[in-house]
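Visitor: Next up is a structure, given as structure tokens.
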Amino acid sequence: MTQDAAGGPVTPNEDVPPGETTAGARPEARLERAVGAAEQALIEFEIAVDTFRIEVENFSRLHHQKLGPMYARLDELDAQIAEARARHTGDPEDLAKAQEARALVMPMPGVEELFHDWMDSDGLSPEAAAMLTEQPVRPPERVRPSEEARKLYRDLVRKAHPDLAREDKERSRREEFITRVNAAYSRGDEKLLRELSDEWAAGPVPETRLSESEELYARLEWLSRRKELLTVVARDLEDSAIGSMLRMAPEDPDRLLDEIAGQLQAQVSEREAELARWVQ
């Protein structure tokens with residue numbers, strides 16, 4: 001640290017990289033560093049949003065697989081109770097309620113198109129078919145990829161993110177590669193993620209070149225708009241029913257599902273006891 005003529009300390013110019021004097025620094029250097037910092041911040045934000053999105057999707061599938069039959073059983077019991085009550089009272093209002101309750105458990109038109117290969121020709125999911133034939137039910141898949149898969153995923157996205165591209169051709173290459181990375185990560189495929197890491201390391205290194213000030217400003221504006229869009233996506237994920245549930249137990253979502261399953265099972269037992277009273 002040096003001193004000025006009055007004896008006070010003089011702080012070096014932090015915006016000037018080592019080896020460049022203030023007078024010799026390029027005018028675009030500071031803006032260029034700001035763009036680089038904004039790019040890295042956006043990538044980290046996208047990694048966080050995509051990680052949460054994949055966890056929400058996986059948790060949603062697990063929620064449907066593990067708790068869906070219990071919700072369906074509750075709806076069926078509610079319909080049977082309402083029908084039994086209507087038969088017992090003959091009240092028109094009870095009859096209307098019974099019809100409404102039964103309508104809730106009737107299959108929707110075209111439901112098989114929504115589930116595709118989740119249902120067989122008899123309209124049963126693999127889990128339901130297994131239970132009816134007293135075969136072991138396929139255990140639910142993991143809610144989230146392993147920690148190693150998460151590390152590999154983050155490293156790959158930081159290196160190959162499309163937002164780092166400055167040319168359309170390079171951006172397309174990165175987008176195709178990241179699509180494969182996302183697919184491998186959503187399955188928790190550590191082996192494939194390692195192979196993709198090797199593939200990227202052996203691939204062409206994107207060419208870097210200096211940009212004009214106008215291009216850098218435009219880049220900053222694009223990054224800002226992209227962040228705004230991601231903020232909306234993140235908010236929608238967090239506010240969704242599944243996202244809200246997942247945030248209740250981010251480190252142990254399986255435990256949360258077990259707790260909900262216990263609560264649903266208690267409700268099923270209560271409904272079954274109520275139905276038994278009506279049909280006696």
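Please note that chains go A, B, ... in the order of the structure tokens, that every chain numbers its residues from 1, and that ligands are numbered from 1 in the order shown.
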Got a sec: who's within 6 Å of stretch 48-56 of chain A, counting only C-alpha atoms, leaving out chain neighbours fewer than 3 positions off, as JSON, numbers by chain?

Guide: {"A": [45, 59, 60, 144, 234, 243]}

Visitor: Can you tell me, as an NGL selection string, what residues are no more than 10 Å from A:Ile260 when counting only C-alpha atoms, ignoring any on the same chain fewer than 5 positions away?

Guide: :A and (63 or 67 or 254-255 or 265-266)

Visitor: From the list A:Ala38, A:Ala165, A:Ile47, A:Val279, which residue is nearest A:Ser224 when using only C-alpha atoms?

Guide: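 Closest to A:Ser224, using only C-alpha atoms: A:Ala38.
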
Visitor: Env of A:Arg102: 9 Å cut, atoms = only C-alpha atoms, seq-sep filter 6 positions within chain, self excluded. Answer as a list in words.

Guide: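 Using only C-alpha atoms, the neighbours found are Asp75, Glu76, Asp78, Ala79, Gln80, Ala82 and Glu83 of chain A.
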
Visitor: Those residues with C-alpha atoms, as a compact mmCIF listing (two decimals), in the first residue's frame please?

Guide:
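This went into part29.txt:
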# COMPACT_ATOMS: atom_id res chain seq x y z
CA ASP A 75 -62.26 -41.85 -2.85
CA GLU A 76 -63.82 -45.29 -3.34
CA ASP A 78 -66.22 -42.10 0.34
CA ALA A 79 -68.38 -43.11 -2.63
CA GLN A 80 -69.46 -46.36 -0.95
CA ALA A 82 -72.32 -41.92 0.46
CA GLU A 83 -74.19 -44.63 -1.48

Visitor: Closest to A:Ala34 among A:Leu95, A:Leu230, A:Leu237, A:Leu216, using only C-alpha atoms?

Guide: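 Result for the nearest residue to A:Ala34: A:Leu216.
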
Visitor: Which residue is closest to A:Ala201? Choose from A:Leu220, A:Leu275, A:Ala29, A:Ala160 and count only C-alpha atoms.

Guide: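 Residue with the minimum atom-to-atom distance to A:Ala201: A:Ala160.
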
Visitor: Write out as a PDB file with C-alpha atoms, in the first residue's frame the residues lying within 6 Å of A:Glu28, counting only C-alpha atoms and excluding same-chain residues fewer than 3 positions away.

Guide:
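To be explicit, this is the file written out as part31.pdb:
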ATOM      1  CA  LEU A  31     -17.598  -4.559 -18.490  1.00  0.00           C
ATOM      2  CA  GLU A  32     -16.206  -7.849 -19.748  1.00  0.00           C
ATOM      3  CA  SER A 213     -18.939  -2.667 -25.554  1.00  0.00           C
TER       4      SER A 213
END
